[in-house]
Every structure is written in structure tokens, then in C-alpha cells.
>>> print(open('final03.tsv').read())   # TSV, C-alpha atoms and all ligand atoms
chain	number	residue	atom	x	y	z
A	32	MET	CA	-26.62	-23.13	-35.96
A	33	SER	CA	-23.21	-23.44	-34.35
A	34	THR	CA	-22.75	-23.53	-30.59
A	35	HIS	CA	-20.80	-20.77	-28.92
A	36	ARG	CA	-18.55	-21.52	-25.94
A	37	VAL	CA	-19.05	-18.89	-23.26
A	38	GLY	CA	-17.41	-18.52	-19.83
A	39	ILE	CA	-19.87	-17.38	-17.18
A	40	VAL	CA	-18.72	-15.27	-14.24
A	41	GLY	CA	-21.83	-14.46	-12.22
A	42	GLY	CA	-19.62	-12.83	-9.63
A	43	ASP	CA	-20.86	-11.15	-6.48
A	44	GLY	CA	-24.06	-9.59	-5.17
A	45	ILE	CA	-26.74	-9.26	-7.82
A	46	GLY	CA	-24.33	-10.48	-10.54
A	47	PRO	CA	-25.45	-14.14	-10.64
A	48	GLU	CA	-29.13	-13.12	-10.48
A	49	VAL	CA	-28.97	-10.80	-13.50
A	50	ILE	CA	-26.77	-13.16	-15.54
A	51	ALA	CA	-29.30	-15.97	-15.02
A	52	GLU	CA	-31.95	-13.75	-16.65
A	53	GLY	CA	-29.57	-12.86	-19.48
A	54	LEU	CA	-29.01	-16.56	-20.20
A	55	LYS	CA	-32.76	-17.19	-20.01
A	56	VAL	CA	-33.41	-14.51	-22.65
A	57	ILE	CA	-30.58	-15.68	-24.94
A	58	ASN	CA	-32.04	-19.18	-24.78
A	59	ALA	CA	-35.50	-17.80	-25.58
A	60	ALA	CA	-33.97	-16.05	-28.60
A	61	GLY	CA	-32.99	-19.48	-29.89
A	62	VAL	CA	-29.22	-19.15	-29.54
A	63	LYS	CA	-27.41	-22.17	-28.13
A	64	LEU	CA	-24.53	-21.49	-25.78
A	65	GLU	CA	-22.20	-24.04	-24.26
A	66	THR	CA	-21.42	-22.43	-20.90
A	67	VAL	CA	-18.62	-23.00	-18.41
A	68	ASP	CA	-19.07	-21.49	-14.93
A	69	TYR	CA	-16.28	-19.75	-13.05
A	70	ASP	CA	-16.58	-18.89	-9.35
A	71	LEU	CA	-14.62	-15.64	-9.22
A	72	GLY	CA	-15.02	-12.27	-7.54
A	73	GLY	CA	-14.84	-10.80	-4.06
A	74	GLY	CA	-16.66	-13.75	-2.48
A	75	ARG	CA	-14.17	-16.26	-3.88
A	76	TYR	CA	-11.26	-14.04	-2.85
A	77	LEU	CA	-12.50	-13.95	0.74
A	78	LYS	CA	-12.93	-17.75	0.68
A	79	ASP	CA	-9.47	-18.81	-0.52
A	80	GLY	CA	-7.54	-15.80	-1.81
A	81	THR	CA	-8.09	-16.65	-5.49
A	82	ILE	CA	-8.52	-13.66	-7.82
A	83	LEU	CA	-7.76	-14.65	-11.43
A	84	PRO	CA	-5.29	-17.53	-11.84
A	85	ASP	CA	-3.26	-17.66	-15.04
A	86	SER	CA	-4.61	-21.18	-15.62
A	87	VAL	CA	-8.13	-19.73	-15.85
A	88	LEU	CA	-6.93	-17.00	-18.21
A	89	ASP	CA	-5.39	-19.68	-20.41
A	90	GLU	CA	-8.68	-21.61	-20.49
A	91	TRP	CA	-10.49	-18.43	-21.44
A	92	ARG	CA	-8.24	-17.78	-24.43
A	93	SER	CA	-9.98	-20.57	-26.32
A	94	LEU	CA	-13.54	-19.42	-25.47
A	95	ASP	CA	-15.76	-17.40	-27.79
A	96	ALA	CA	-16.88	-14.92	-25.10
A	97	ILE	CA	-17.14	-14.24	-21.38
A	98	TYR	CA	-20.41	-13.09	-19.80
A	99	LEU	CA	-19.94	-11.39	-16.43
A	100	GLY	CA	-22.48	-10.15	-13.89
A	101	ALA	CA	-20.67	-7.94	-11.40
A	102	VAL	CA	-17.79	-8.28	-8.99
A	103	GLY	CA	-17.26	-6.52	-5.69
A	104	THR	CA	-17.86	-7.49	-2.06
A	105	PRO	CA	-17.74	-5.38	1.09
A	106	GLY	CA	-14.69	-6.31	3.11
A	107	VAL	CA	-12.31	-6.57	0.15
A	108	PRO	CA	-9.94	-3.58	0.00
A	109	PRO	CA	-10.43	-1.28	-3.02
A	110	GLY	CA	-8.38	-2.25	-6.05
A	111	VAL	CA	-7.89	-5.94	-5.27
A	112	ILE	CA	-10.69	-7.25	-7.47
A	113	GLU	CA	-10.79	-4.23	-9.79
A	114	ARG	CA	-7.12	-4.49	-10.72
A	115	GLY	CA	-6.65	-8.21	-10.07
A	116	LEU	CA	-9.70	-9.43	-11.99
A	117	LEU	CA	-11.39	-6.84	-14.21
A	118	LEU	CA	-8.33	-4.89	-15.35
A	119	LYS	CA	-6.20	-8.03	-15.57
A	120	MET	CA	-8.85	-9.46	-17.87
A	121	ARG	CA	-8.92	-6.30	-20.00
A	122	PHE	CA	-5.13	-6.15	-20.27
A	123	GLU	CA	-4.30	-9.85	-20.65
A	124	LEU	CA	-7.07	-10.55	-23.17
A	125	ASP	CA	-6.35	-7.22	-24.92
A	126	LEU	CA	-9.95	-6.02	-24.60
A	127	TYR	CA	-8.97	-2.65	-26.01
A	128	ILE	CA	-12.43	-1.33	-26.77
A	129	ASN	CA	-15.10	-0.69	-24.18
A	130	GLN	CA	-18.31	-0.17	-26.14
A	131	ARG	CA	-21.26	1.31	-24.26
A	132	PRO	CA	-24.48	2.17	-26.11
A	133	PHE	CA	-27.08	4.56	-24.70
A	134	VAL	CA	-30.61	4.67	-26.06
A	135	ASP	CA	-33.73	6.49	-24.92
A	136	THR	CA	-36.16	6.26	-27.81
A	137	ALA	CA	-38.75	8.58	-26.25
A	138	LYS	CA	-36.15	11.35	-25.95
A	139	GLY	CA	-34.48	10.66	-29.31
A	140	ILE	CA	-31.19	9.72	-27.64
A	141	ASP	CA	-29.06	7.10	-29.40
A	142	PHE	CA	-25.32	7.22	-29.01
A	143	ILE	CA	-22.40	4.87	-28.36
A	144	VAL	CA	-19.33	5.65	-26.30
A	145	ILE	CA	-16.11	3.97	-27.42
A	146	ARG	CA	-13.81	4.03	-24.44
A	147	GLU	CA	-10.15	3.09	-24.89
A	148	ASN	CA	-9.85	0.21	-22.42
A	149	THR	CA	-6.21	-0.72	-21.83
A	150	GLU	CA	-4.25	2.52	-21.33
A	151	GLY	CA	-4.51	6.01	-19.83
A	152	THR	CA	-4.51	6.34	-16.05
A	153	TYR	CA	-5.68	2.73	-15.78
A	154	ALA	CA	-2.35	1.37	-17.04
A	155	GLY	CA	-0.92	1.40	-13.52
A	156	GLU	CA	2.02	3.70	-14.12
A	157	GLY	CA	3.14	5.59	-11.01
A	158	GLY	CA	3.95	4.94	-7.43
A	159	PHE	CA	4.77	6.35	-4.05
A	160	LEU	CA	7.79	8.15	-2.68
A	161	ARG	CA	8.27	8.51	1.07
A	162	LYS	CA	4.96	6.76	1.69
A	163	GLY	CA	3.43	7.43	5.07
A	164	THR	CA	5.62	10.48	5.78
A	165	PRO	CA	4.51	14.13	5.70
A	166	HIS	CA	6.50	14.46	2.46
A	167	GLU	CA	4.71	11.61	0.75
A	168	VAL	CA	4.38	11.79	-3.04
A	169	ALA	CA	1.93	9.78	-5.15
A	170	THR	CA	1.97	9.86	-8.94
A	171	GLN	CA	-0.43	8.14	-11.33
A	172	GLY	CA	0.62	8.62	-14.93
A	173	SER	CA	-1.52	8.46	-18.02
A	174	VAL	CA	-0.07	6.09	-20.61
A	175	ASN	CA	-1.06	6.81	-24.21
A	176	THR	CA	0.59	4.84	-27.00
A	177	ARG	CA	0.12	5.87	-30.61
A	178	MET	CA	-0.85	2.25	-31.36
A	179	GLY	CA	-3.40	2.06	-28.54
A	180	VAL	CA	-4.96	5.43	-29.27
A	181	GLU	CA	-5.08	4.85	-33.01
A	182	ARG	CA	-6.74	1.44	-32.82
A	183	ALA	CA	-9.50	2.85	-30.60
A	184	ILE	CA	-10.02	5.78	-32.97
A	185	ARG	CA	-10.07	3.49	-36.02
A	186	TYR	CA	-12.64	1.24	-34.37
A	187	ALA	CA	-14.81	4.30	-33.64
A	188	PHE	CA	-14.58	5.59	-37.24
A	189	ASP	CA	-15.52	2.14	-38.57
A	190	LEU	CA	-18.49	2.00	-36.20
A	191	ALA	CA	-19.65	5.54	-37.08
A	192	GLY	CA	-19.55	4.58	-40.75
A	193	SER	CA	-21.46	1.32	-40.32
A	194	ALA	CA	-24.96	0.92	-41.74
A	195	ALA	CA	-26.74	1.38	-38.41
A	196	ARG	CA	-25.03	4.66	-37.49
A	197	ARG	CA	-25.41	8.31	-38.50
A	198	LYS	CA	-21.84	8.93	-39.76
A	199	HIS	CA	-20.82	11.27	-36.98
A	200	LEU	CA	-17.92	10.86	-34.54
A	201	THR	CA	-17.00	13.11	-31.60
A	202	LEU	CA	-13.60	13.03	-29.94
A	203	VAL	CA	-13.81	13.86	-26.23
A	204	HIS	CA	-10.62	14.86	-24.41
A	205	LYS	CA	-9.11	17.79	-22.55
A	206	THR	CA	-6.59	19.07	-25.08
A	207	ASN	CA	-6.49	22.54	-23.54
A	208	VAL	CA	-4.84	21.19	-20.39
A	209	LEU	CA	-3.55	17.68	-21.18
A	210	THR	CA	-1.29	19.07	-23.88
A	211	PHE	CA	0.79	15.88	-24.30
A	212	SER	CA	-1.78	13.10	-24.33
A	213	GLY	CA	-4.41	15.43	-25.81
A	214	ASP	CA	-2.07	16.35	-28.64
A	215	LEU	CA	-1.40	12.70	-29.45
A	216	TRP	CA	-5.13	11.91	-29.43
A	217	GLU	CA	-6.00	14.92	-31.59
A	218	ARG	CA	-3.29	14.21	-34.17
A	219	ALA	CA	-4.20	10.52	-34.40
A	220	PHE	CA	-7.89	11.47	-34.72
A	221	ASN	CA	-7.27	13.98	-37.51
A	222	GLU	CA	-4.92	11.68	-39.40
A	223	VAL	CA	-7.32	8.74	-39.29
A	224	HIS	CA	-10.21	11.05	-40.25
A	225	ALA	CA	-8.44	11.72	-43.56
A	226	GLU	CA	-9.18	8.06	-44.45
A	227	TYR	CA	-12.87	8.40	-43.55
A	228	ALA	CA	-14.07	11.34	-45.65
A	229	ALA	CA	-17.73	10.35	-45.27
A	230	ILE	CA	-17.70	10.76	-41.47
A	231	ALA	CA	-18.42	14.19	-39.99
A	232	THR	CA	-16.51	14.88	-36.79
A	233	ALA	CA	-16.63	17.11	-33.74
A	234	TYR	CA	-14.43	17.72	-30.73
A	235	ASN	CA	-15.62	18.40	-27.16
A	236	HIS	CA	-13.60	19.04	-24.05
A	237	VAL	CA	-14.72	16.51	-21.47
A	238	ASP	CA	-16.16	19.11	-19.09
A	239	ALA	CA	-18.28	20.58	-21.87
A	240	ALA	CA	-19.33	17.06	-22.89
A	241	CYS	CA	-20.76	16.61	-19.38
A	242	ILE	CA	-23.07	19.57	-20.01
A	243	TYR	CA	-24.10	18.26	-23.45
A	244	PHE	CA	-24.77	14.80	-21.99
A	245	VAL	CA	-27.34	16.39	-19.71
A	246	GLU	CA	-28.70	19.18	-21.92
A	247	ASP	CA	-28.38	17.92	-25.50
A	248	PRO	CA	-27.36	14.23	-25.70
A	249	GLN	CA	-29.24	13.98	-29.02
A	250	ARG	CA	-26.24	15.63	-30.72
A	251	TYR	CA	-24.14	12.50	-30.33
A	252	ASP	CA	-23.87	9.45	-32.59
A	253	VAL	CA	-20.51	7.84	-31.74
A	254	ILE	CA	-18.02	9.22	-29.19
A	255	VAL	CA	-14.42	8.13	-28.76
A	256	THR	CA	-12.46	8.97	-25.63
A	257	ASP	CA	-9.75	7.81	-23.27
A	258	ASN	CA	-10.12	5.29	-20.47
A	259	LEU	CA	-10.88	7.51	-17.47
A	260	PHE	CA	-12.98	10.07	-19.34
A	261	GLY	CA	-14.92	7.14	-20.77
A	262	ASP	CA	-15.43	5.60	-17.34
A	263	ILE	CA	-16.94	8.81	-15.98
A	264	LEU	CA	-18.93	9.75	-19.09
A	265	THR	CA	-20.56	6.34	-19.34
A	266	ASP	CA	-21.96	6.52	-15.81
A	267	LEU	CA	-23.37	9.91	-16.79
A	268	GLY	CA	-24.67	8.41	-20.03
A	269	GLY	CA	-26.50	5.78	-17.99
A	270	ALA	CA	-27.93	8.41	-15.68
A	271	VAL	CA	-29.41	10.46	-18.56
A	272	THR	CA	-30.88	7.45	-20.38
A	273	GLY	CA	-33.07	5.88	-17.73
A	274	GLY	CA	-30.47	4.89	-15.17
A	275	ILE	CA	-27.55	2.55	-14.79
A	276	GLY	CA	-30.01	-0.39	-14.70
A	277	PHE	CA	-30.16	-0.19	-18.51
A	278	ALA	CA	-26.48	0.45	-19.31
A	279	ALA	CA	-24.76	-2.40	-21.19
A	280	SER	CA	-21.15	-2.85	-22.14
A	281	GLY	CA	-18.85	-4.94	-24.26
A	282	ASN	CA	-15.14	-5.19	-23.51
A	283	LEU	CA	-13.99	-6.07	-26.99
A	284	ASN	CA	-10.96	-7.60	-28.60
A	285	PRO	CA	-11.86	-6.65	-32.19
A	286	ALA	CA	-8.72	-8.37	-33.48
A	287	ARG	CA	-10.30	-11.59	-32.12
A	288	THR	CA	-7.05	-12.94	-30.74
A	289	GLY	CA	-9.19	-14.12	-27.79
A	290	PRO	CA	-12.68	-13.85	-26.30
A	291	SER	CA	-14.44	-10.55	-25.65
A	292	MET	CA	-16.20	-9.90	-22.34
A	293	PHE	CA	-19.72	-8.60	-21.82
A	294	GLU	CA	-21.06	-7.10	-18.58
A	295	PRO	CA	-23.62	-4.59	-17.34
A	296	VAL	CA	-22.08	-1.23	-16.35
A	297	HIS	CA	-23.62	-1.43	-12.88
A	298	GLY	CA	-21.93	-2.97	-9.87
A	299	SER	CA	-22.76	-5.84	-7.54
A	300	ALA	CA	-25.22	-3.82	-5.38
A	301	PRO	CA	-24.65	-5.94	-2.24
A	302	ASP	CA	-27.46	-4.07	-0.44
A	303	ILE	CA	-30.11	-5.71	-2.63
A	304	ALA	CA	-28.33	-9.01	-3.37
A	305	GLY	CA	-30.37	-12.19	-3.10
A	306	GLN	CA	-33.67	-10.33	-2.93
A	307	ASN	CA	-34.79	-10.83	-6.54
A	308	LYS	CA	-35.01	-7.04	-6.84
A	309	ALA	CA	-32.31	-6.02	-9.31
A	310	ASN	CA	-33.32	-4.98	-12.81
A	311	PRO	CA	-31.69	-7.51	-15.17
A	312	THR	CA	-32.17	-5.36	-18.31
A	313	ALA	CA	-28.56	-4.07	-18.43
A	314	ALA	CA	-27.28	-7.66	-18.20
A	315	ILE	CA	-29.75	-8.78	-20.88
A	316	LEU	CA	-28.70	-5.91	-23.18
A	317	SER	CA	-25.06	-6.85	-22.55
A	318	GLY	CA	-26.06	-10.34	-23.68
A	319	ALA	CA	-27.37	-8.77	-26.89
A	320	LEU	CA	-23.98	-7.11	-27.44
A	321	MET	CA	-22.41	-10.55	-26.95
A	322	LEU	CA	-24.76	-12.03	-29.56
A	323	ASP	CA	-23.76	-9.26	-32.00
A	324	PHE	CA	-20.12	-10.13	-31.48
A	325	LEU	CA	-20.81	-13.87	-31.89
A	326	GLY	CA	-22.41	-13.11	-35.26
A	327	GLU	CA	-25.96	-13.71	-34.00
A	328	THR	CA	-27.06	-10.23	-35.07
A	329	GLU	CA	-30.66	-11.15	-35.88
A	330	ALA	CA	-31.17	-12.65	-32.41
A	331	ALA	CA	-29.39	-9.66	-30.87
A	332	ASP	CA	-31.79	-7.24	-32.58
A	333	ARG	CA	-34.77	-9.26	-31.34
A	334	VAL	CA	-33.44	-9.20	-27.76
A	335	ARG	CA	-32.95	-5.41	-27.95
A	336	LYS	CA	-36.48	-5.01	-29.32
A	337	ALA	CA	-37.87	-7.13	-26.49
A	338	CYS	CA	-36.02	-4.94	-23.96
A	339	GLU	CA	-37.64	-1.74	-25.27
A	340	ALA	CA	-40.75	-2.26	-23.15
A	341	SER	CA	-38.55	-2.60	-20.06
A	342	MET	CA	-36.69	0.59	-20.91
A	343	ALA	CA	-40.01	2.37	-21.46
A	344	GLY	CA	-41.07	1.36	-17.95
A	345	GLU	CA	-43.76	-1.02	-19.22
A	346	ILE	CA	-42.10	-4.09	-17.73
A	347	THR	CA	-41.52	-4.00	-13.99
A	348	GLY	CA	-41.33	-6.47	-11.12
A	349	SER	CA	-38.78	-8.82	-9.66
A	350	THR	CA	-35.54	-9.82	-11.37
A	351	THR	CA	-36.95	-13.16	-12.51
A	352	SER	CA	-40.27	-11.64	-13.55
A	353	VAL	CA	-38.62	-8.96	-15.72
A	354	GLY	CA	-36.51	-11.71	-17.30
A	355	ASP	CA	-39.62	-13.84	-17.91
A	356	GLN	CA	-41.53	-10.94	-19.46
A	357	ILE	CA	-38.66	-10.02	-21.79
A	358	ALA	CA	-38.18	-13.69	-22.74
A	359	ALA	CA	-41.91	-13.98	-23.44
A	360	ARG	CA	-41.66	-11.23	-26.07
A	361	LEU	CA	-39.20	-13.21	-28.15
A	401	LIG	C1	-16.47	0.18	-15.14
A	401	LIG	C2	-16.07	0.09	-13.70
A	401	LIG	C3	-14.63	-0.34	-13.64
A	401	LIG	C4	-13.80	0.72	-14.35
A	401	LIG	C5	-14.04	-0.60	-12.25
A	401	LIG	C6	-14.93	-1.50	-11.43
A	401	LIG	C7	-12.65	-1.14	-12.34
A	401	LIG	O1	-16.28	1.29	-13.04
A	401	LIG	O2	-16.42	-0.86	-15.83
A	401	LIG	O3	-16.85	1.25	-15.59
A	401	LIG	O4	-13.41	1.73	-13.73
A	401	LIG	O5	-13.55	0.55	-15.53
A	402	MN	MN	-17.21	2.79	-14.29
>>> encode(input="final03.tsv", output="C-alpha cells")
Amino acid sequence: MSTHRVGIVGGDGIGPEVIAEGLKVINAAGVKLETVDYDLGGGRYLKDGTILPDSVLDEWRSLDAIYLGAVGTPGVPPGVIERGLLLKMRFELDLYINQRPFVDTAKGIDFIVIRENTEGTYAGEGGFLRKGTPHEVATQGSVNTRMGVERAIRYAFDLAGSAARRKHLTLVHKTNVLTFSGDLWERAFNEVHAEYAAIATAYNHVDAACIYFVEDPQRYDVIVTDNLFGDILTDLGGAVTGGIGFAASGNLNPARTGPSMFEPVHGSAPDIAGQNKANPTAAILSGALMLDFLGETEAADRVRKACEASMAGEITGSTTSVGDQIAARL
């Protein structure tokens, strides 16, 4: 078995605690990782002002993956770490797919959200005019390139058609109001669909999708949507499938021009940091997504299987105890 080189960013708050359990479980699954630790996040920023140096980014380009806990520390102004670390990572490493699976076996829920991860309102287009005056103007544009939209849609069609899925893809947008970006998304979706005759499709406006997420999430197999809609919908997805403590994500560069990054959807939860209280299941499931991407699909499936008892509420306890119990099932 080959060794995979993985950068570890435990980050802030509960991040390092949950990542330690993820690494424990991956080890128990028999996969060897060669890890390199990086002290980054809000804590590091407060210490010496470092956010994400280009030298670190360059080191990362030769890694196989990055495994991240959570970043965010009280006392750091909003946007500094989000834009300077997480979004910089997504943009610079071209992590153009954010893949977030949601499963609740007891309720028959099993869907994956494919969130476009480098464009939309996240791109940073906009600015202020007359800042601080009564006539202040702030704009925040949504950037949608045909290339960026199409590659996300293609990825979603490929996924929907893969052996494990049910051959159904839903586009979520707001075409009735966002008539420019919505039009581009809809045309790209329909044109790519012509190449995937075996996939059935649907379209939901994002507000309606919020109702379906709560009332009928079983209808979904794979969903593709833009960056901001995907951000909001995936928190809701977590909430309707047992809570954000189980929500995993992969920030993927499917072209493999660099490493992909894997992290739980939840944040750093500073209020419970250092108390061995956080549920590590989302981090462990994010580790399983990493194993999939590293080609260790058999180990990934075993890790997911071992996590089922945790998601069913049969494994509880401290962070380290949940990790131990999941590892013991491998
Ligand atoms: C997420 C987070 C991030 C996002 C923040 C922390 C930048 O909410 O990964 O969903 O908005 O994408
Ligand atoms: Mn989010």
C-alpha cells in the first residue's frame, strides 16, 4: 500500500481535537498517512499575524490532500481568516467543488450537495463608495463564468451517474429573479444534460428547496448549486440529518492539479474547546471522503459503516471515546 502525504491543519477550538480522532480512525482502517502539521488559524494570526503564507501554499501543491479541523477564534475580525485562509485555499488550489453528503438511514435520506466553490458572491467582486458617509454604497457582485459553472455541473452529472447513485440531479438556483446568473446556470445545465441522457433532472428555486429539505429530503439524490446557495443549503442539510456534528465536506480539485481539502462543515466551537466534548463524527466522515479521493475506497466504506452507529445515536461520550468506539468497529 502506498503512503499518502497529507497536510494537517487542526486549526482553532475543537478543530485539533476532532482531527486527532479522524487520524486515529484512518489509522485503525489500515491506511498509512505521512502527515505534516501546520499551525494556522485564528490562534496563529493573533500570535504573529500569519494567515496563509505563499510559501506554505507552495508546499501544499505537492501534497496529496489537506485535512482541516476548523478555523475561527473570538477576537479576530470577521473575514480575516475566512477570506485569508479558507477562501484563499479554495481559490489558489482551485478547489472548485464543495461536496457535502447527507445521510440519515432511518429516515431514508441520502443526498449529496455539489456546491460550486470558487465563484458567485464569494469571488470578492464589489466594493464601497463614499464609505462611512450617509450616502455610502456597498456592492457585492456574483461572478459566474461559463467555465466555472459548467465544470461544477459536469462533475455533478458524473457523480449522479456513478454506480453508487440513483441517476437523478437537481439544479437549485433562483432563475425567476437572478435572470442573468440563473440564465447562465440553466443553459449550461440543459446543454450538459444532453450528454447525459440516462440522468433524470429537476429544477428547484432555492426558497422552495428549503421547504423540500425539511419536508421531503428523500426526493433528492444529487443537487448542484452555486456557492452561496450551497453554503446555506448545506447547513440546512446538516440540520435535517442529525445535526451539523455529522456533516462532512470535501473541497475538491477534481482535475488533480493539486491537493484537495477535507473538513467538517461545523466551526471551531470555542465555547466547548479543550473539554473533550465535541462530536468527532463529522471530522471522521470527512476523513472518509479524503480516503475516497486518495483511492482508498474500501477503507472509506468501512469508516462510513463504522460511523453509522454514531449517527444512529448508539455511540455517545467524549470526543476521544467516540473516536475509540468508531475505531474499535474497524
Ligand atoms: C463553510 C463555511 C465557510 C463558507 C466560511 C467559514 C468561509 O461557512 O465552509 O460552509 O462560507 O464557505
Ligand atoms: Mn457554511
>>> atom_distance(input="final03.tsv", atom1="CA of Ala239 (chain A)", atom2="CA of His204 (chain A)")
9.9 Å
>>> residues_near_ligand(input="final03.tsv", ligand="ligand LIG 401 (chain A)", cutoff="9 Å", atoms="all atoms listed in the file", output="list in words")
Ala101, Val102, Gly103, Gly110, Ile112, Glu113, Arg114, Leu116, Leu117, Leu118, Asn129, Asn148, Tyr153, Asn258, Leu259, Gly261, Asp262, Ile263, Thr265, Asp266, Ser280, Asn282, Glu294, Pro295, Val296, His297 and Gly298 of chain A
>>> closest_residue(input="final03.tsv", among="A:Gln249, A:Thr34, A:Asn235, A:Thr104", to="Ile140 (chain A)", atoms="all atoms listed in the file")
A:Gln249
>>> closest_residue(input="final03.tsv", among="A:Ile184, A:Ala191, A:Ala137, A:Val111", to="Ala219 (chain A)", atoms="all atoms listed in the file")
A:Ile184
>>> axis_aligned_box(input="final03.tsv", around="region 315-325 of chain A", padding_each_side="8 Å", output="JSON")
{"center_x": -24.9, "center_y": -9.9, "center_z": -26.4, "size_x": 25.6, "size_y": 24.0, "size_z": 27.1}
>>> closest_residue(input="final03.tsv", among="A:Ser317, A:Ser93, A:Thr347, A:Asn175", to="Gly151 (chain A)", atoms="all atoms listed in the file")
A:Asn175
>>> residues_around(input="final03.tsv", residues="Ala304 (chain A)", least_positions_apart="2", cutoff="12 Å", atoms="all atoms listed in the file", output="list in words")
Gly42, Asp43, Gly44, Ile45, Gly46, Pro47, Glu48, Val49, Ala101, Val102, Gly103, Thr104, Gly298, Ser299, Ala300, Pro301, Asp302, Gln306, Asn307, Lys308, Ala309, Asn310 and Thr350 of chain A
>>> closest_residue(input="final03.tsv", among="A:Asp355, A:Glu226, A:Asp70, A:Glu65", to="Ala337 (chain A)", atoms="only C-alpha atoms")
A:Asp355
>>> closest_residue(input="final03.tsv", among="A:Gly318, A:Pro311, A:Gly348, A:Gly326", to="Ile57 (chain A)", atoms="all atoms listed in the file")
A:Gly318
>>> atom_distance(input="final03.tsv", atom1="CA of Asp125 (chain A)", atom2="atom MN of ligand MN 402 (chain A)")
18.2 Å
>>> build_atoms(input="final03.tsv", residues="region 305-313 of chain A", atoms="all heavy atoms", output="compact mmCIF listing (two decimals), in the frame of the given file")
# COMPACT_ATOMS: atom_id res chain seq x y z
N GLY A 305 -29.59 -11.05 -3.58
CA GLY A 305 -30.37 -12.19 -3.10
C GLY A 305 -31.82 -11.89 -2.83
O GLY A 305 -32.55 -12.71 -2.29
N GLN A 306 -32.28 -10.70 -3.22
CA GLN A 306 -33.67 -10.33 -2.93
C GLN A 306 -34.56 -10.34 -4.16
O GLN A 306 -35.71 -9.92 -4.10
CB GLN A 306 -33.71 -8.94 -2.27
CG GLN A 306 -32.99 -8.90 -0.93
CD GLN A 306 -32.88 -7.47 -0.39
OE1 GLN A 306 -33.81 -6.69 -0.51
NE2 GLN A 306 -31.74 -7.13 0.18
N ASN A 307 -34.01 -10.77 -5.31
CA ASN A 307 -34.79 -10.83 -6.54
C ASN A 307 -35.37 -9.45 -6.89
O ASN A 307 -36.50 -9.33 -7.32
CB ASN A 307 -35.93 -11.86 -6.37
CG ASN A 307 -36.49 -12.34 -7.71
OD1 ASN A 307 -35.86 -12.16 -8.76
ND2 ASN A 307 -37.68 -12.91 -7.68
N LYS A 308 -34.56 -8.43 -6.69
CA LYS A 308 -35.01 -7.04 -6.84
C LYS A 308 -34.31 -6.31 -7.99
O LYS A 308 -34.82 -5.31 -8.47
CB LYS A 308 -34.65 -6.28 -5.56
CG LYS A 308 -35.76 -6.07 -4.57
CD LYS A 308 -35.24 -5.09 -3.52
CE LYS A 308 -36.19 -4.89 -2.38
NZ LYS A 308 -35.50 -4.22 -1.25
N ALA A 309 -33.12 -6.77 -8.34
CA ALA A 309 -32.31 -6.02 -9.31
C ALA A 309 -32.93 -6.09 -10.70
O ALA A 309 -33.46 -7.12 -11.11
CB ALA A 309 -30.90 -6.60 -9.35
N ASN A 310 -32.84 -4.99 -11.42
CA ASN A 310 -33.32 -4.98 -12.81
C ASN A 310 -32.28 -5.69 -13.69
O ASN A 310 -31.14 -5.25 -13.78
CB ASN A 310 -33.52 -3.53 -13.26
CG ASN A 310 -34.24 -3.46 -14.60
OD1 ASN A 310 -34.11 -4.36 -15.44
ND2 ASN A 310 -35.01 -2.41 -14.79
N PRO A 311 -32.67 -6.76 -14.37
CA PRO A 311 -31.69 -7.51 -15.17
C PRO A 311 -31.52 -6.96 -16.59
O PRO A 311 -30.78 -7.54 -17.39
CB PRO A 311 -32.32 -8.91 -15.24
CG PRO A 311 -33.80 -8.64 -15.26
CD PRO A 311 -34.01 -7.41 -14.39
N THR A 312 -32.17 -5.83 -16.91
CA THR A 312 -32.17 -5.36 -18.31
C THR A 312 -30.77 -5.04 -18.82
O THR A 312 -30.42 -5.37 -19.95
CB THR A 312 -33.10 -4.14 -18.47
OG1 THR A 312 -34.37 -4.48 -17.91
CG2 THR A 312 -33.27 -3.76 -19.93
N ALA A 313 -29.92 -4.40 -17.97
CA ALA A 313 -28.56 -4.07 -18.43
C ALA A 313 -27.79 -5.35 -18.76
O ALA A 313 -27.03 -5.39 -19.73
CB ALA A 313 -27.83 -3.27 -17.37
